[in-house]
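Content type mmCIF, N, CA and C atoms, pLDDT in the B column; chains and numbers go by the auth columns, from the file final03.cif:
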data_data
loop_
_atom_site.group_PDB
_atom_site.id
_atom_site.type_symbol
_atom_site.label_atom_id
_atom_site.label_comp_id
_atom_site.label_asym_id
_atom_site.label_seq_id
_atom_site.Cartn_x
_atom_site.Cartn_y
_atom_site.Cartn_z
_atom_site.B_iso_or_equiv
_atom_site.auth_seq_id
_atom_site.auth_asym_id
ATOM 1 N N MET A 1 18.867 6.818 7.574 41.00 575 A
ATOM 2 C CA MET A 1 18.527 7.055 6.190 41.00 575 A
ATOM 3 C C MET A 1 17.008 7.171 6.075 41.00 575 A
ATOM 4 N N GLU A 2 16.553 8.193 5.348 45.00 576 A
ATOM 5 C CA GLU A 2 15.124 8.422 5.160 45.00 576 A
ATOM 6 C C GLU A 2 14.580 7.473 4.096 45.00 576 A
ATOM 7 N N VAL A 3 13.344 7.059 4.267 44.00 577 A
ATOM 8 C CA VAL A 3 12.655 6.222 3.291 44.00 577 A
ATOM 9 C C VAL A 3 11.478 7.016 2.768 44.00 577 A
ATOM 10 N N PHE A 4 11.326 7.064 1.463 44.00 578 A
ATOM 11 C CA PHE A 4 10.209 7.773 0.846 44.00 578 A
ATOM 12 C C PHE A 4 9.169 6.749 0.410 44.00 578 A
ATOM 13 N N GLU A 5 7.920 7.010 0.756 43.00 579 A
ATOM 14 C CA GLU A 5 6.847 6.096 0.378 43.00 579 A
ATOM 15 C C GLU A 5 5.958 6.757 -0.657 43.00 579 A
ATOM 16 N N SER A 6 5.699 6.055 -1.732 46.00 580 A
ATOM 17 C CA SER A 6 4.828 6.544 -2.789 46.00 580 A
ATOM 18 C C SER A 6 4.087 5.354 -3.363 46.00 580 A
ATOM 19 N N HIS A 7 2.821 5.507 -3.587 49.00 581 A
ATOM 20 C CA HIS A 7 2.025 4.422 -4.154 49.00 581 A
ATOM 21 C C HIS A 7 2.153 3.151 -3.311 49.00 581 A
ATOM 22 N N GLN A 8 2.096 3.270 -2.011 44.00 582 A
ATOM 23 C CA GLN A 8 2.204 2.172 -1.050 44.00 582 A
ATOM 24 C C GLN A 8 3.526 1.425 -1.163 44.00 582 A
ATOM 25 N N GLU A 9 4.572 2.074 -1.626 61.00 583 A
ATOM 26 C CA GLU A 9 5.868 1.427 -1.717 61.00 583 A
ATOM 27 C C GLU A 9 6.913 2.274 -1.003 61.00 583 A
ATOM 28 N N SER A 10 7.971 1.643 -0.575 84.00 584 A
ATOM 29 C CA SER A 10 9.074 2.356 0.052 84.00 584 A
ATOM 30 C C SER A 10 10.274 2.297 -0.881 84.00 584 A
ATOM 31 N N PHE A 11 10.967 3.410 -0.998 87.00 585 A
ATOM 32 C CA PHE A 11 12.157 3.463 -1.828 87.00 585 A
ATOM 33 C C PHE A 11 13.364 3.781 -0.963 87.00 585 A
ATOM 34 N N HIS A 12 14.494 3.254 -1.377 92.00 586 A
ATOM 35 C CA HIS A 12 15.750 3.461 -0.662 92.00 586 A
ATOM 36 C C HIS A 12 16.812 3.915 -1.657 92.00 586 A
ATOM 37 N N ALA A 13 17.848 4.564 -1.167 94.00 587 A
ATOM 38 C CA ALA A 13 18.954 4.968 -2.020 94.00 587 A
ATOM 39 C C ALA A 13 19.501 3.751 -2.751 94.00 587 A
ATOM 40 N N GLY A 14 19.703 3.901 -4.042 95.00 588 A
ATOM 41 C CA GLY A 14 20.198 2.803 -4.869 95.00 588 A
ATOM 42 C C GLY A 14 19.119 2.110 -5.675 95.00 588 A
ATOM 43 N N ASP A 15 17.847 2.347 -5.336 96.00 589 A
ATOM 44 C CA ASP A 15 16.754 1.731 -6.084 96.00 589 A
ATOM 45 C C ASP A 15 16.663 2.333 -7.488 96.00 589 A
ATOM 46 N N ILE A 16 16.393 1.489 -8.463 97.00 590 A
ATOM 47 C CA ILE A 16 16.091 1.931 -9.820 97.00 590 A
ATOM 48 C C ILE A 16 14.575 1.960 -9.932 97.00 590 A
ATOM 49 N N VAL A 17 14.045 3.080 -10.416 96.00 591 A
ATOM 50 C CA VAL A 17 12.598 3.268 -10.520 96.00 591 A
ATOM 51 C C VAL A 17 12.256 3.769 -11.918 96.00 591 A
ATOM 52 N N TYR A 18 10.979 3.880 -12.182 96.00 592 A
ATOM 53 C CA TYR A 18 10.490 4.337 -13.477 96.00 592 A
ATOM 54 C C TYR A 18 9.482 5.452 -13.237 96.00 592 A
ATOM 55 N N VAL A 19 9.597 6.516 -14.014 93.00 593 A
ATOM 56 C CA VAL A 19 8.700 7.659 -13.852 93.00 593 A
ATOM 57 C C VAL A 19 8.068 7.993 -15.191 93.00 593 A
ATOM 58 N N LEU A 20 6.867 8.566 -15.119 89.00 594 A
ATOM 59 C CA LEU A 20 6.235 9.108 -16.315 89.00 594 A
ATOM 60 C C LEU A 20 6.780 10.519 -16.454 89.00 594 A
ATOM 61 N N TYR A 21 7.424 10.797 -17.553 83.00 595 A
ATOM 62 C CA TYR A 21 8.113 12.065 -17.746 83.00 595 A
ATOM 63 C C TYR A 21 7.526 12.783 -18.951 83.00 595 A
ATOM 64 N N ARG A 22 7.086 14.008 -18.731 80.00 596 A
ATOM 65 C CA ARG A 22 6.577 14.834 -19.834 80.00 596 A
ATOM 66 C C ARG A 22 7.700 15.696 -20.382 80.00 596 A
ATOM 67 N N ASN A 23 7.760 15.785 -21.680 73.00 597 A
ATOM 68 C CA ASN A 23 8.723 16.651 -22.330 73.00 597 A
ATOM 69 C C ASN A 23 8.357 18.095 -22.001 73.00 597 A
ATOM 70 N N PRO A 24 9.247 18.862 -21.390 74.00 598 A
ATOM 71 C CA PRO A 24 8.907 20.226 -21.004 74.00 598 A
ATOM 72 C C PRO A 24 8.717 21.168 -22.189 74.00 598 A
ATOM 73 N N HIS A 25 9.186 20.764 -23.364 78.00 599 A
ATOM 74 C CA HIS A 25 9.074 21.607 -24.548 78.00 599 A
ATOM 75 C C HIS A 25 7.874 21.243 -25.414 78.00 599 A
ATOM 76 N N THR A 26 7.372 20.031 -25.257 77.00 600 A
ATOM 77 C CA THR A 26 6.218 19.566 -26.025 77.00 600 A
ATOM 78 C C THR A 26 5.261 18.913 -25.052 77.00 600 A
ATOM 79 N N TYR A 27 4.263 19.655 -24.628 71.00 601 A
ATOM 80 C CA TYR A 27 3.394 19.245 -23.528 71.00 601 A
ATOM 81 C C TYR A 27 2.688 17.911 -23.774 71.00 601 A
ATOM 82 N N ASN A 28 2.355 17.593 -25.006 74.00 602 A
ATOM 83 C CA ASN A 28 1.595 16.371 -25.255 74.00 602 A
ATOM 84 C C ASN A 28 2.471 15.141 -25.475 74.00 602 A
ATOM 85 N N VAL A 29 3.770 15.250 -25.201 77.00 603 A
ATOM 86 C CA VAL A 29 4.673 14.113 -25.341 77.00 603 A
ATOM 87 C C VAL A 29 5.092 13.636 -23.948 77.00 603 A
ATOM 88 N N ALA A 30 4.847 12.355 -23.681 82.00 604 A
ATOM 89 C CA ALA A 30 5.250 11.752 -22.407 82.00 604 A
ATOM 90 C C ALA A 30 5.908 10.418 -22.700 82.00 604 A
ATOM 91 N N ASN A 31 6.784 10.008 -21.807 87.00 605 A
ATOM 92 C CA ASN A 31 7.400 8.700 -21.938 87.00 605 A
ATOM 93 C C ASN A 31 7.751 8.169 -20.566 87.00 605 A
ATOM 94 N N ILE A 32 8.191 6.942 -20.555 92.00 606 A
ATOM 95 C CA ILE A 32 8.642 6.304 -19.318 92.00 606 A
ATOM 96 C C ILE A 32 10.154 6.417 -19.285 92.00 606 A
ATOM 97 N N GLN A 33 10.659 6.883 -18.167 93.00 607 A
ATOM 98 C CA GLN A 33 12.096 7.064 -18.039 93.00 607 A
ATOM 99 C C GLN A 33 12.608 6.343 -16.800 93.00 607 A
ATOM 100 N N GLU A 34 13.694 5.610 -16.962 96.00 608 A
ATOM 101 C CA GLU A 34 14.348 4.978 -15.820 96.00 608 A
ATOM 102 C C GLU A 34 15.085 6.059 -15.041 96.00 608 A
ATOM 103 N N ALA A 35 15.026 5.984 -13.719 96.00 609 A
ATOM 104 C CA ALA A 35 15.700 6.946 -12.850 96.00 609 A
ATOM 105 C C ALA A 35 16.229 6.202 -11.627 96.00 609 A
ATOM 106 N N ALA A 36 16.949 6.907 -10.796 97.00 610 A
ATOM 107 C CA ALA A 36 17.506 6.291 -9.588 97.00 610 A
ATOM 108 C C ALA A 36 17.100 7.090 -8.358 97.00 610 A
ATOM 109 N N ILE A 37 16.901 6.372 -7.270 96.00 611 A
ATOM 110 C CA ILE A 37 16.709 7.006 -5.972 96.00 611 A
ATOM 111 C C ILE A 37 18.103 7.107 -5.354 96.00 611 A
ATOM 112 N N VAL A 38 18.483 8.316 -4.950 96.00 612 A
ATOM 113 C CA VAL A 38 19.830 8.556 -4.424 96.00 612 A
ATOM 114 C C VAL A 38 19.750 9.408 -3.158 96.00 612 A
ATOM 115 N N ASN A 39 20.839 9.439 -2.418 95.00 613 A
ATOM 116 C CA ASN A 39 20.952 10.379 -1.301 95.00 613 A
ATOM 117 C C ASN A 39 21.130 11.771 -1.893 95.00 613 A
ATOM 118 N N HIS A 40 20.359 12.720 -1.413 93.00 614 A
ATOM 119 C CA HIS A 40 20.441 14.085 -1.939 93.00 614 A
ATOM 120 C C HIS A 40 21.808 14.665 -1.602 93.00 614 A
ATOM 121 N N PRO A 41 22.543 15.179 -2.595 92.00 615 A
ATOM 122 C CA PRO A 41 23.905 15.652 -2.327 92.00 615 A
ATOM 123 C C PRO A 41 23.971 16.922 -1.470 92.00 615 A
ATOM 124 N N ASP A 42 22.909 17.715 -1.478 91.00 616 A
ATOM 125 C CA ASP A 42 22.922 18.977 -0.735 91.00 616 A
ATOM 126 C C ASP A 42 22.112 18.941 0.553 91.00 616 A
ATOM 127 N N ARG A 43 21.385 17.856 0.771 90.00 617 A
ATOM 128 C CA ARG A 43 20.535 17.743 1.962 90.00 617 A
ATOM 129 C C ARG A 43 20.772 16.393 2.629 90.00 617 A
ATOM 130 N N PRO A 44 21.731 16.331 3.523 90.00 618 A
ATOM 131 C CA PRO A 44 22.033 15.057 4.197 90.00 618 A
ATOM 132 C C PRO A 44 20.786 14.452 4.842 90.00 618 A
ATOM 133 N N GLY A 45 20.627 13.153 4.677 90.00 619 A
ATOM 134 C CA GLY A 45 19.501 12.445 5.262 90.00 619 A
ATOM 135 C C GLY A 45 18.256 12.435 4.399 90.00 619 A
ATOM 136 N N GLU A 46 18.273 13.147 3.265 91.00 620 A
ATOM 137 C CA GLU A 46 17.112 13.168 2.369 91.00 620 A
ATOM 138 C C GLU A 46 17.419 12.392 1.102 91.00 620 A
ATOM 139 N N LEU A 47 16.364 11.820 0.538 93.00 621 A
ATOM 140 C CA LEU A 47 16.485 11.123 -0.734 93.00 621 A
ATOM 141 C C LEU A 47 16.054 12.046 -1.859 93.00 621 A
ATOM 142 N N ALA A 48 16.528 11.729 -3.068 94.00 622 A
ATOM 143 C CA ALA A 48 16.160 12.491 -4.249 94.00 622 A
ATOM 144 C C ALA A 48 15.998 11.536 -5.426 94.00 622 A
ATOM 145 N N LEU A 49 15.301 11.994 -6.421 94.00 623 A
ATOM 146 C CA LEU A 49 15.160 11.272 -7.682 94.00 623 A
ATOM 147 C C LEU A 49 16.217 11.835 -8.624 94.00 623 A
ATOM 148 N N PHE A 50 17.058 10.985 -9.173 96.00 624 A
ATOM 149 C CA PHE A 50 18.099 11.418 -10.099 96.00 624 A
ATOM 150 C C PHE A 50 17.656 11.062 -11.500 96.00 624 A
ATOM 151 N N LEU A 51 17.365 12.098 -12.295 92.00 625 A
ATOM 152 C CA LEU A 51 16.807 11.909 -13.632 92.00 625 A
ATOM 153 C C LEU A 51 17.416 12.950 -14.555 92.00 625 A
ATOM 154 N N TYR A 52 17.953 12.518 -15.688 89.00 626 A
ATOM 155 C CA TYR A 52 18.576 13.426 -16.652 89.00 626 A
ATOM 156 C C TYR A 52 19.621 14.329 -15.995 89.00 626 A
ATOM 157 N N GLU A 53 20.501 13.734 -15.214 92.00 627 A
ATOM 158 C CA GLU A 53 21.606 14.443 -14.567 92.00 627 A
ATOM 159 C C GLU A 53 21.144 15.554 -13.616 92.00 627 A
ATOM 160 N N THR A 54 19.898 15.438 -13.121 92.00 628 A
ATOM 161 C CA THR A 54 19.331 16.436 -12.211 92.00 628 A
ATOM 162 C C THR A 54 18.734 15.734 -11.004 92.00 628 A
ATOM 163 N N PHE A 55 18.850 16.357 -9.838 93.00 629 A
ATOM 164 C CA PHE A 55 18.250 15.834 -8.612 93.00 629 A
ATOM 165 C C PHE A 55 16.891 16.492 -8.409 93.00 629 A
ATOM 166 N N TYR A 56 15.869 15.684 -8.208 90.00 630 A
ATOM 167 C CA TYR A 56 14.517 16.179 -7.948 90.00 630 A
ATOM 168 C C TYR A 56 14.092 15.735 -6.554 90.00 630 A
ATOM 169 N N PRO A 57 13.427 16.610 -5.815 87.00 631 A
ATOM 170 C CA PRO A 57 12.928 16.186 -4.500 87.00 631 A
ATOM 171 C C PRO A 57 11.824 15.147 -4.690 87.00 631 A
ATOM 172 N N LEU A 58 11.757 14.212 -3.776 86.00 632 A
ATOM 173 C CA LEU A 58 10.684 13.220 -3.823 86.00 632 A
ATOM 174 C C LEU A 58 9.443 13.830 -3.196 86.00 632 A
ATOM 175 N N ASP A 59 8.375 13.822 -3.947 81.00 633 A
ATOM 176 C CA ASP A 59 7.103 14.289 -3.401 81.00 633 A
ATOM 177 C C ASP A 59 5.962 13.545 -4.082 81.00 633 A
ATOM 178 N N ALA A 60 4.772 13.749 -3.583 79.00 634 A
ATOM 179 C CA ALA A 60 3.606 13.012 -4.062 79.00 634 A
ATOM 180 C C ALA A 60 3.194 13.414 -5.471 79.00 634 A
ATOM 181 N N ASP A 61 3.761 14.476 -6.020 80.00 635 A
ATOM 182 C CA ASP A 61 3.402 14.912 -7.363 80.00 635 A
ATOM 183 C C ASP A 61 4.141 14.149 -8.456 80.00 635 A
ATOM 184 N N ILE A 62 5.103 13.337 -8.081 84.00 636 A
ATOM 185 C CA ILE A 62 5.870 12.565 -9.058 84.00 636 A
ATOM 186 C C ILE A 62 5.351 11.132 -9.075 84.00 636 A
ATOM 187 N N ALA A 63 4.994 10.665 -10.264 85.00 637 A
ATOM 188 C CA ALA A 63 4.510 9.289 -10.418 85.00 637 A
ATOM 189 C C ALA A 63 5.728 8.372 -10.523 85.00 637 A
ATOM 190 N N ILE A 64 6.018 7.657 -9.429 91.00 638 A
ATOM 191 C CA ILE A 64 7.192 6.786 -9.354 91.00 638 A
ATOM 192 C C ILE A 64 6.717 5.338 -9.261 91.00 638 A
ATOM 193 N N TYR A 65 7.291 4.481 -10.082 93.00 639 A
ATOM 194 C CA TYR A 65 6.913 3.065 -10.101 93.00 639 A
ATOM 195 C C TYR A 65 8.165 2.210 -9.929 93.00 639 A
ATOM 196 N N SER A 66 8.017 1.116 -9.229 92.00 640 A
ATOM 197 C CA SER A 66 9.176 0.268 -8.948 92.00 640 A
ATOM 198 C C SER A 66 9.499 -0.703 -10.078 92.00 640 A
ATOM 199 N N SER A 67 8.609 -0.832 -11.057 93.00 641 A
ATOM 200 C CA SER A 67 8.897 -1.709 -12.182 93.00 641 A
ATOM 201 C C SER A 67 8.439 -1.059 -13.484 93.00 641 A
ATOM 202 N N ALA A 68 9.066 -1.477 -14.565 93.00 642 A
ATOM 203 C CA ALA A 68 8.682 -0.971 -15.878 93.00 642 A
ATOM 204 C C ALA A 68 7.246 -1.392 -16.201 93.00 642 A
ATOM 205 N N ASP A 69 6.843 -2.582 -15.761 92.00 643 A
ATOM 206 C CA ASP A 69 5.474 -3.050 -16.016 92.00 643 A
ATOM 207 C C ASP A 69 4.439 -2.142 -15.360 92.00 643 A
ATOM 208 N N GLN A 70 4.698 -1.730 -14.121 91.00 644 A
ATOM 209 C CA GLN A 70 3.776 -0.815 -13.442 91.00 644 A
ATOM 210 C C GLN A 70 3.714 0.524 -14.178 91.00 644 A
ATOM 211 N N ALA A 71 4.849 1.031 -14.594 90.00 645 A
ATOM 212 C CA ALA A 71 4.897 2.307 -15.315 90.00 645 A
ATOM 213 C C ALA A 71 4.177 2.200 -16.648 90.00 645 A
ATOM 214 N N GLU A 72 4.349 1.085 -17.353 90.00 646 A
ATOM 215 C CA GLU A 72 3.671 0.898 -18.638 90.00 646 A
ATOM 216 C C GLU A 72 2.162 0.811 -18.461 90.00 646 A
ATOM 217 N N ALA A 73 1.705 0.163 -17.394 90.00 647 A
ATOM 218 C CA ALA A 73 0.265 0.084 -17.117 90.00 647 A
ATOM 219 C C ALA A 73 -0.303 1.470 -16.826 90.00 647 A
ATOM 220 N N ALA A 74 0.419 2.272 -16.052 87.00 648 A
ATOM 221 C CA ALA A 74 -0.032 3.639 -15.752 87.00 648 A
ATOM 222 C C ALA A 74 -0.031 4.482 -17.021 87.00 648 A
ATOM 223 N N TYR A 75 0.998 4.337 -17.837 87.00 649 A
ATOM 224 C CA TYR A 75 1.068 5.074 -19.096 87.00 649 A
ATOM 225 C C TYR A 75 -0.132 4.738 -19.977 87.00 649 A
ATOM 226 N N ALA A 76 -0.420 3.453 -20.104 87.00 650 A
ATOM 227 C CA ALA A 76 -1.561 3.021 -20.929 87.00 650 A
ATOM 228 C C ALA A 76 -2.874 3.579 -20.384 87.00 650 A
ATOM 229 N N TYR A 77 -3.012 3.614 -19.074 87.00 651 A
ATOM 230 C CA TYR A 77 -4.231 4.143 -18.456 87.00 651 A
ATOM 231 C C TYR A 77 -4.407 5.621 -18.760 87.00 651 A
ATOM 232 N N TYR A 78 -3.324 6.398 -18.632 83.00 652 A
ATOM 233 C CA TYR A 78 -3.419 7.843 -18.784 83.00 652 A
ATOM 234 C C TYR A 78 -3.279 8.329 -20.228 83.00 652 A
ATOM 235 N N TYR A 79 -2.461 7.634 -21.047 81.00 653 A
ATOM 236 C CA TYR A 79 -2.160 8.144 -22.372 81.00 653 A
ATOM 237 C C TYR A 79 -2.547 7.202 -23.501 81.00 653 A
ATOM 238 N N GLY A 80 -3.000 6.008 -23.210 79.00 654 A
ATOM 239 C CA GLY A 80 -3.263 5.018 -24.254 79.00 654 A
ATOM 240 C C GLY A 80 -2.043 4.131 -24.424 79.00 654 A
ATOM 241 N N THR A 81 -2.097 3.253 -25.370 72.00 655 A
ATOM 242 C CA THR A 81 -1.008 2.304 -25.563 72.00 655 A
ATOM 243 C C THR A 81 0.248 2.997 -26.047 72.00 655 A
ATOM 244 N N MET A 82 1.375 2.424 -25.685 62.00 656 A
ATOM 245 C CA MET A 82 2.668 2.962 -26.146 62.00 656 A
ATOM 246 C C MET A 82 2.890 2.537 -27.589 62.00 656 A
ATOM 247 N N GLU A 83 3.416 3.445 -28.367 59.00 657 A
ATOM 248 C CA GLU A 83 3.664 3.150 -29.792 59.00 657 A
ATOM 249 C C GLU A 83 5.020 2.561 -29.990 59.00 657 A
#
Would you mind writing the structure in this file as structure tokens?
Amino acid sequence: MEVFESHQESFHAGDIVYVLYRNPHTYNVANIQEAAIVNHPDRPGELALFLYETFYPLDADIAIYSSADQAEAAYAYYYGTME
């Protein structure tokens, strides 16, 4: 099983993570969304991020956090306090 490392952390299939997600229709709207790390259904041995019923490849362009607190701190840093 492959392990993906991001932000000095390792993720495994079954992990619940938090990502900063931008609304694709409204560029200035972002939120924190819970997602899951899963085995990619079409690529054996690879992991994927499962978010909004879609599989996303894991790469360094996705801000993935292992806790809601870490995601909230990153959100506050980049966007200001959450309302």
Give me, as JSON lines, the closest atom pair and its distance (Å, one decimal) for every residue of range 583-632 of chain A within a cut-off of 8 Å of range 644-656 of chain A, counting only N, CA and C atoms, rows sorted by chain and rising number.
{"residue": "A:Tyr592", "atom": "C", "partner": "A:Ala645", "partner_atom": "CA", "distance": 5.9}
{"residue": "A:Val593", "atom": "N", "partner": "A:Ala645", "partner_atom": "CA", "distance": 6.4}
{"residue": "A:Leu594", "atom": "N", "partner": "A:Ala645", "partner_atom": "CA", "distance": 6.6}
{"residue": "A:Asn605", "atom": "C", "partner": "A:Tyr649", "partner_atom": "CA", "distance": 7.5}
{"residue": "A:Ile606", "atom": "CA", "partner": "A:Ala645", "partner_atom": "C", "distance": 6.6}
{"residue": "A:Gln607", "atom": "N", "partner": "A:Ala645", "partner_atom": "CA", "distance": 7.9}
Next on the checklist: Using all atoms listed in the file, which protein or nucleic acid residues come within 8 Å of Ala604 in chain A? Drop anything in the same chain fewer than 6 positions from it, and give the result as a list in words.
Outcome noted: Leu594, Tyr595, Arg596 and Asn597 of chain A
Next on the checklist: Could you go through chain A and tell me which residues DSSP, when run on the backbone, assigns to strand (DSSP E), listing them as a PyMOL selection string?
Outcome noted: chain A and resi 578-580+583-585+590-596+604-613+621-625+628-631+638-639
Next on the checklist: Under the PyMOL selection byres (((chain A and resi 628 and name CA) around 12) and name CA), which residues of this model are included? Write them out as a PyMOL selection string.
Outcome noted: chain A and resi 609-612+614-615+622-627+629-631
Deliver the residues from the most recent selection as a file, using N, CA and C atoms, as a compact mmCIF listing (two decimals), in the coordinates of the input.
# COMPACT_ATOMS: atom_id res chain seq x y z
N ALA A 609 15.03 5.98 -13.72
CA ALA A 609 15.70 6.95 -12.85
C ALA A 609 16.23 6.20 -11.63
N ALA A 610 16.95 6.91 -10.80
CA ALA A 610 17.51 6.29 -9.59
C ALA A 610 17.10 7.09 -8.36
N ILE A 611 16.90 6.37 -7.27
CA ILE A 611 16.71 7.01 -5.97
C ILE A 611 18.10 7.11 -5.35
N VAL A 612 18.48 8.32 -4.95
CA VAL A 612 19.83 8.56 -4.42
C VAL A 612 19.75 9.41 -3.16
N HIS A 614 20.36 12.72 -1.41
CA HIS A 614 20.44 14.08 -1.94
C HIS A 614 21.81 14.66 -1.60
N PRO A 615 22.54 15.18 -2.60
CA PRO A 615 23.90 15.65 -2.33
C PRO A 615 23.97 16.92 -1.47
N ALA A 622 16.53 11.73 -3.07
CA ALA A 622 16.16 12.49 -4.25
C ALA A 622 16.00 11.54 -5.43
N LEU A 623 15.30 11.99 -6.42
CA LEU A 623 15.16 11.27 -7.68
C LEU A 623 16.22 11.84 -8.62
N PHE A 624 17.06 10.98 -9.17
CA PHE A 624 18.10 11.42 -10.10
C PHE A 624 17.66 11.06 -11.50
N LEU A 625 17.36 12.10 -12.30
CA LEU A 625 16.81 11.91 -13.63
C LEU A 625 17.42 12.95 -14.56
N TYR A 626 17.95 12.52 -15.69
CA TYR A 626 18.58 13.43 -16.65
C TYR A 626 19.62 14.33 -16.00
N GLU A 627 20.50 13.73 -15.21
CA GLU A 627 21.61 14.44 -14.57
C GLU A 627 21.14 15.55 -13.62
N PHE A 629 18.85 16.36 -9.84
CA PHE A 629 18.25 15.83 -8.61
C PHE A 629 16.89 16.49 -8.41
N TYR A 630 15.87 15.68 -8.21
CA TYR A 630 14.52 16.18 -7.95
C TYR A 630 14.09 15.74 -6.55
N PRO A 631 13.43 16.61 -5.82
CA PRO A 631 12.93 16.19 -4.50
C PRO A 631 11.82 15.15 -4.69
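Between atom N of Thr600 in chain A and CA of Leu621 in chain A lies a distance of 27.6 Å.
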Next on the checklist: Can you pull out every residue from chain A that DSSP, working from the backbone, puts in alpha helix (DSSP H), and format the result as number ranges by chain?
Outcome noted: A: 642-653
Got a sec to resolve the PyMOL selection byres (((chain A and resi 640 and name CA) around 7) and name CA) on this structure and send the residues as a CSV table (one decimal) with N, CA and C atoms, keeping the file's coordinate frame?
chain,number,residue,atom,x,y,z
A,591,VAL,N,14.0,3.1,-10.4
A,591,VAL,CA,12.6,3.3,-10.5
A,591,VAL,C,12.3,3.8,-11.9
A,592,TYR,N,11.0,3.9,-12.2
A,592,TYR,CA,10.5,4.3,-13.5
A,592,TYR,C,9.5,5.5,-13.2
A,638,ILE,N,6.0,7.7,-9.4
A,638,ILE,CA,7.2,6.8,-9.4
A,638,ILE,C,6.7,5.3,-9.3
A,639,TYR,N,7.3,4.5,-10.1
A,639,TYR,CA,6.9,3.1,-10.1
A,639,TYR,C,8.2,2.2,-9.9
A,641,SER,N,8.6,-0.8,-11.1
A,641,SER,CA,8.9,-1.7,-12.2
A,641,SER,C,8.4,-1.1,-13.5
Item to check | Distance in Å - CA of Ala587 in chain A versus atom N of Asn613 in chain A | outcome: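 Pair CA of Ala587 in chain A / atom N of Asn613 in chain A returns 4.9 Å.
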Box for range 587-594 of chain A - axis-aligned, 3 Å on each of the six sides, all listed atoms - centre and size in Å to one decimal, as lines of an AutoDock Vina configuration file.
center_x = 13.2
center_y = 6.0
center_z = -8.8
size_x = 20.0
size_y = 15.0
size_z = 21.3
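CA of Asp616 in chain A lies 21.0 Å from CA of Asp635 in chain A.
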